[in-house]
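Undergrad: coords.cif is reproduced below (mmCIF, C-alpha atoms).
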data_input
#
loop_
_atom_site.label_atom_id
_atom_site.label_comp_id
_atom_site.auth_asym_id
_atom_site.auth_seq_id
_atom_site.Cartn_x
_atom_site.Cartn_y
_atom_site.Cartn_z
CA MET F 13 7.19 -47.05 165.06
CA LYS F 14 6.80 -50.18 162.94
CA VAL F 15 4.36 -49.75 160.07
CA ASN F 16 3.45 -52.12 157.25
CA ARG F 17 4.07 -49.91 154.21
CA ARG F 18 2.12 -52.16 151.83
CA ARG F 19 -0.90 -52.14 154.09
CA LEU F 20 -0.59 -48.38 154.44
CA LYS F 21 -0.47 -47.92 150.67
CA ARG F 22 -3.57 -50.09 150.21
CA HIS F 23 -5.33 -48.02 152.83
CA TYR F 24 -4.64 -44.74 151.02
CA GLU F 25 -5.53 -46.29 147.68
CA GLN F 26 -8.96 -47.15 149.09
CA GLN F 27 -9.24 -43.75 150.71
CA GLY F 28 -8.46 -42.16 147.35
CA LYS F 29 -11.39 -43.99 145.77
CA GLU F 30 -13.72 -42.55 148.41
CA ALA F 31 -12.33 -39.00 148.33
CA ASN F 32 -14.28 -36.21 146.64
CA TRP F 33 -12.91 -32.77 145.76
CA THR F 34 -16.38 -31.19 146.11
CA GLN F 35 -15.95 -31.36 149.91
CA TYR F 36 -13.50 -28.46 149.65
CA TYR F 37 -16.01 -26.16 147.95
CA ILE F 38 -19.42 -26.73 149.59
CA ARG F 39 -20.71 -24.74 152.58
CA ASP F 40 -21.61 -27.72 154.75
CA ILE F 41 -20.71 -27.65 158.44
CA ASN F 42 -19.74 -31.35 158.29
CA PHE F 43 -17.02 -30.59 155.74
CA ALA F 44 -16.22 -27.03 156.83
CA PHE F 45 -12.70 -27.89 158.00
CA PHE F 46 -11.74 -28.88 154.42
CA GLY F 47 -12.86 -25.59 152.89
CA ARG F 48 -11.55 -23.40 155.70
CA ARG F 49 -8.09 -24.99 155.59
CA ARG F 50 -7.96 -24.62 151.83
CA LYS F 51 -8.89 -20.94 151.96
CA VAL F 52 -6.27 -20.13 154.61
CA ILE F 53 -3.50 -21.94 152.75
CA THR F 54 -4.44 -20.64 149.30
CA ARG F 55 -4.61 -17.06 150.56
CA LEU F 56 -1.04 -17.38 151.84
CA ILE F 57 0.41 -18.72 148.57
CA LYS F 58 2.20 -15.94 146.72
CA PRO F 59 1.52 -15.72 142.97
CA LEU F 60 4.99 -16.26 141.52
CA ARG F 61 6.34 -17.85 138.38
CA GLY F 62 8.15 -21.14 138.61
CA VAL F 63 7.59 -24.81 139.33
CA ALA F 64 5.64 -25.96 142.38
CA LEU F 65 5.50 -29.41 143.95
CA ASP F 66 2.30 -30.52 145.69
CA ILE F 67 3.29 -33.48 147.89
CA GLY F 68 0.48 -35.83 148.86
CA SER F 69 -1.82 -33.89 146.56
CA GLY F 70 -4.92 -35.99 147.26
CA VAL F 71 -7.77 -35.06 144.94
CA GLY F 72 -5.85 -32.07 143.57
CA VAL F 73 -7.55 -28.98 144.98
CA TYR F 74 -4.26 -27.38 146.02
CA SER F 75 -2.63 -28.29 142.71
CA HIS F 76 -5.50 -26.46 141.02
CA ASP F 77 -5.04 -23.42 143.27
CA LEU F 78 -1.30 -23.37 142.59
CA ALA F 79 -1.98 -23.44 138.85
CA LEU F 80 -4.33 -20.47 139.25
CA LYS F 81 -1.51 -18.62 141.03
CA GLY F 82 0.61 -19.02 137.89
CA TYR F 83 2.80 -22.01 138.76
CA GLU F 84 3.63 -25.02 136.66
CA VAL F 85 2.62 -27.75 139.09
CA VAL F 86 3.82 -31.27 139.78
CA SER F 87 1.02 -33.08 141.63
CA LEU F 88 2.37 -36.11 143.53
CA ASP F 89 0.45 -38.76 145.43
CA VAL F 90 0.98 -42.41 146.34
CA SER F 91 -2.63 -43.24 145.41
CA SER F 92 -3.44 -43.85 141.73
CA SER F 93 -7.10 -43.17 142.56
CA CYS F 94 -6.22 -39.71 143.86
CA ILE F 95 -4.15 -38.99 140.77
CA GLN F 96 -7.10 -39.95 138.56
CA SER F 97 -9.34 -37.59 140.55
CA THR F 98 -6.73 -34.85 140.17
CA LYS F 99 -6.63 -35.30 136.39
CA GLN F 100 -10.43 -35.11 136.23
CA LEU F 101 -10.46 -31.92 138.30
CA MET F 102 -7.78 -30.29 136.13
CA ARG F 103 -9.73 -31.09 132.97
CA LYS F 104 -12.90 -29.69 134.54
CA MET F 105 -11.11 -26.49 135.57
CA ASN F 106 -9.22 -26.16 132.25
CA VAL F 107 -5.74 -26.15 133.77
CA SER F 108 -4.54 -29.58 132.60
CA GLY F 109 -1.58 -28.11 130.72
CA GLN F 110 -0.16 -26.58 133.90
CA VAL F 111 -0.43 -29.64 136.14
CA HIS F 112 1.66 -32.80 135.76
CA CYS F 113 0.56 -35.79 137.82
CA ILE F 114 2.95 -38.37 139.28
CA ILE F 115 2.31 -41.49 141.36
CA ALA F 116 5.12 -41.60 143.91
CA ASP F 117 5.94 -41.86 147.61
CA ALA F 118 6.50 -38.66 149.61
CA GLU F 119 9.46 -40.36 151.28
CA GLN F 120 11.09 -41.17 147.92
CA LEU F 121 10.74 -38.04 145.81
CA PRO F 122 11.76 -38.94 142.22
CA PHE F 123 13.29 -35.58 141.30
CA GLN F 124 16.68 -34.00 140.80
CA ASP F 125 18.10 -31.68 143.43
CA HIS F 126 17.03 -28.04 143.75
CA ILE F 127 14.38 -27.76 141.01
CA PHE F 128 11.24 -26.41 142.75
CA ASN F 129 10.44 -22.78 143.51
CA LEU F 130 7.66 -23.78 145.90
CA VAL F 131 6.80 -26.95 147.82
CA LEU F 132 3.43 -27.59 149.42
CA CYS F 133 3.02 -30.45 151.90
CA SER F 134 -0.48 -30.23 153.39
CA GLU F 135 -1.74 -32.82 155.89
CA VAL F 136 0.87 -35.38 154.83
CA LEU F 137 3.72 -35.71 157.36
CA GLU F 138 1.48 -37.15 160.07
CA HIS F 139 0.54 -40.03 157.75
CA LEU F 140 4.06 -41.11 156.76
CA THR F 141 6.22 -43.89 158.15
CA SER F 142 9.16 -41.47 158.36
CA PRO F 143 8.37 -37.73 158.34
CA LEU F 144 12.08 -37.02 158.87
CA ILE F 145 12.98 -38.65 155.56
CA ALA F 146 10.22 -36.69 153.83
CA MET F 147 11.53 -33.42 155.26
CA LYS F 148 15.04 -34.20 154.03
CA GLY F 149 13.54 -34.84 150.59
CA ILE F 150 11.80 -31.46 150.64
CA LYS F 151 15.11 -29.82 151.49
CA ARG F 152 16.84 -31.65 148.64
CA VAL F 153 14.38 -30.78 145.85
CA SER F 154 13.83 -27.13 146.88
CA LYS F 155 15.81 -24.32 145.30
CA VAL F 156 17.57 -21.81 147.51
CA ASN F 157 14.98 -19.16 148.52
CA ALA F 158 12.12 -21.51 147.60
CA LEU F 159 8.98 -21.19 149.75
CA VAL F 160 7.85 -24.29 151.63
CA TYR F 161 4.27 -24.54 152.93
CA ILE F 162 3.60 -27.15 155.63
CA SER F 163 0.24 -27.85 157.26
CA MET F 164 -0.84 -30.55 159.71
CA PRO F 165 -2.97 -31.13 162.81
CA SER F 166 -1.61 -29.65 166.03
CA ILE F 167 -1.30 -31.99 169.02
CA LEU F 168 -1.98 -28.91 171.17
CA SER F 169 -5.55 -28.71 169.86
CA LEU F 170 -8.48 -30.16 171.76
CA THR F 171 -9.61 -31.99 168.65
CA GLU F 172 -6.34 -33.79 167.96
CA ASN F 173 -6.00 -34.81 171.60
CA LEU F 174 -9.53 -36.21 171.58
CA ARG F 175 -8.86 -38.15 168.39
CA LYS F 176 -5.63 -39.49 169.85
CA PHE F 177 -7.40 -40.50 173.09
CA ARG F 178 -10.05 -42.35 171.07
CA GLY F 179 -7.36 -44.34 169.25
CA ASP F 180 -7.01 -42.41 165.99
CA LYS F 181 -5.50 -44.73 163.35
CA GLU F 182 -5.10 -42.15 160.58
CA HIS F 183 -2.34 -40.09 162.17
CA LEU F 184 0.80 -42.11 162.79
CA TRP F 185 2.55 -39.11 164.31
CA HIS F 186 1.49 -36.09 166.34
CA PHE F 187 3.35 -32.78 166.23
CA THR F 188 3.51 -29.39 167.87
CA PRO F 189 4.17 -26.29 165.74
CA MET F 190 7.37 -25.74 167.73
CA PHE F 191 8.71 -29.18 166.80
CA ILE F 192 8.03 -28.64 163.09
CA THR F 193 9.67 -25.21 163.24
CA ARG F 194 12.79 -26.83 164.73
CA LEU F 195 12.70 -29.65 162.17
CA LEU F 196 12.53 -27.12 159.35
CA ARG F 197 15.49 -25.21 160.77
CA GLU F 198 17.52 -28.42 161.00
CA ASN F 199 16.83 -28.94 157.30
CA SER F 200 17.94 -25.46 156.18
CA MET F 201 14.51 -23.85 156.17
CA ASP F 202 13.72 -20.71 158.16
CA THR F 203 10.15 -20.19 159.33
CA ILE F 204 8.79 -16.84 158.15
CA TYR F 205 5.08 -17.15 158.95
CA LYS F 206 2.69 -19.18 161.15
CA SER F 207 -1.07 -19.45 161.01
CA SER F 208 -3.84 -21.79 162.10
CA CYS F 209 -7.50 -22.58 161.56
CA ASN F 210 -10.39 -24.90 162.41
CA PHE F 211 -10.89 -23.95 166.04
CA PHE F 212 -13.61 -26.07 167.67
CA ILE F 213 -15.23 -27.18 164.39
CA TYR F 214 -15.05 -30.83 165.52
CA TYR F 215 -17.44 -29.95 168.34
CA ILE F 216 -19.61 -27.28 166.74
CA ARG F 217 -20.73 -29.58 163.94
CA ILE F 218 -22.44 -31.97 166.39
CA LEU F 219 -24.57 -29.23 167.95
CA PRO F 220 -28.28 -28.79 167.11
CA PHE F 221 -28.79 -26.39 164.19
CA ALA F 222 -25.05 -26.68 163.45
CA GLN F 223 -25.50 -25.68 159.81
CA LYS F 224 -27.03 -22.38 160.90
CA LEU F 225 -23.90 -21.73 162.96
CA TYR F 226 -21.66 -21.91 159.90
CA ARG F 227 -21.18 -18.14 159.55
CA VAL F 228 -20.71 -17.69 163.30
CA TRP F 229 -18.04 -20.37 163.41
CA LEU F 230 -16.29 -18.89 160.37
CA MET F 231 -16.07 -15.46 162.00
CA LEU F 232 -14.83 -17.03 165.24
CA ASP F 233 -12.23 -19.05 163.38
CA LYS F 234 -10.87 -15.98 161.59
CA LEU F 235 -10.73 -14.03 164.86
CA LEU F 236 -8.95 -16.71 166.92
CA GLY F 237 -6.39 -17.31 164.17
CA ARG F 238 -5.08 -13.76 164.58
CA PHE F 239 -3.88 -14.16 168.17
CA PRO F 240 -0.22 -15.29 168.45
CA LEU F 241 -0.67 -17.58 171.47
CA VAL F 242 -4.15 -18.87 170.69
CA ARG F 243 -3.27 -19.94 167.15
CA TYR F 244 -1.29 -22.94 168.40
CA PHE F 245 -4.56 -24.48 169.57
CA GLY F 246 -6.24 -24.53 166.17
CA TRP F 247 -6.74 -28.05 164.80
CA CYS F 248 -4.66 -27.21 161.74
CA PHE F 249 -1.48 -25.14 161.84
CA ILE F 250 0.26 -23.75 158.76
CA ILE F 251 3.93 -22.82 158.55
CA ILE F 252 5.66 -21.01 155.69
CA ALA F 253 9.43 -21.43 155.52
CA ARG F 254 12.14 -20.25 153.18
CA ARG F 255 14.86 -22.60 151.95
CA ILE F 256 18.27 -21.14 152.81
#
Rewrite the structure from the file as structure tokens, please.

TA:
Amino acid sequence: MKVNRRRLKRHYEQQGKEANWTQYYIRDINFAFFGRRRKVITRLIKPLRGVALDIGSGVGVYSHDLALKGYEVVSLDVSSSCIQSTKQLMRKMNVSGQVHCIIADAEQLPFQDHIFNLVLCSEVLEHLTSPLIAMKGIKRVSKVNALVYISMPSILSLTENLRKFRGDKEHLWHFTPMFITRLLRENSMDTIYKSSCNFFIYYIRILPFAQKLYRVWLMLDKLLGRFPLVRYFGWCFIIIARRI
């Protein structure tokens, strides 16, 4: 796939200017997939000491959550606008001393080998020109036994297939959980846990009285995410792997 990297960077710079971290905290059905994904991922992060890398950190909500879990955090994003938003959020939440912000490309991680105890890469690989290079970079900078958290849209979900059919321009690549599991294994990372979330939210939010269905959808989402076979059809799937 041929992609203009400069154009892509300009796109995410503009997107960073429009992004708002409040979308992850409000109970609005139109932004429910942000908050639900964050809660599922944050709940899975183990509170350990060490250094964590948040790749494609966006507006910094996961970097903040990692800091609350006790990590020293490196927050990395290609967008300077996103990094500015992250710094503002860290000051607001009084965790600035634990979070170090870096403007860099996920495919060119500017770090030494084997220095991170945890790597988080949430909703990033599908946006990159070469996810394979990014995965090799994650392998390189992770310590042995480091935990790696990956999340992305599942091509098995109704939502992602609809977006793809309608000509989605945001996602350059589409993955199945099985493919990512294999890719992790090829890069010396064993999958130890799988989860998913955001079942049907793309459709529920367009229904009449959608906001009143917020609690119903949340209960349904939690229930469906517990079934081994069904979970592959959630819009977002989460994989935890251990670097070996």

Undergrad: Can you tell me how far atom CA of F:Lys206 sits from atom CA of F:Ile192, in Å to one decimal?

TA: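 These atoms are spaced 11.0 Å apart.
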
Undergrad: Could you tell me how far atom CA of F:Gln223 lies from atom CA of F:Phe245, in Å and to one decimal?

TA: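 Computed distance, atom CA of F:Gln223 to atom CA of F:Phe245, equals 23.1 Å.
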
Undergrad: Determine, counting all atoms listed in the file, which protein, DNA and RNA residues have an atom within 10 Å of an atom of F:Val242; residues of the same chain fewer than 6 positions away are not included. Present the result as a PDB file with C-alpha atoms, in the frame of the given file.

TA:
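What landed in around-v6.pdb:
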ATOM      1  CA  SER F 169      -5.550 -28.710 169.860  1.00  0.00           C
ATOM      2  CA  SER F 208      -3.840 -21.790 162.100  1.00  0.00           C
ATOM      3  CA  PHE F 211     -10.890 -23.950 166.040  1.00  0.00           C
ATOM      4  CA  LEU F 236      -8.950 -16.710 166.920  1.00  0.00           C
TER       5      LEU F 236
END

Undergrad: Between F:Ser87, F:Ser142, F:Gln27, F:Gln35, which is the closest to F:Arg49 once you count all atoms listed in the file?

TA: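 Counting all atoms listed in the file, the residue closest to F:Arg49 is F:Gln35.
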
Undergrad: Taking the file as shown, find all residues satisfying the PyMOL selection byres ((chain F and resi 41) around 12) and write them as an NGL selection string.

TA: :F and (35-40 or 42-48 or 210 or 212-230)
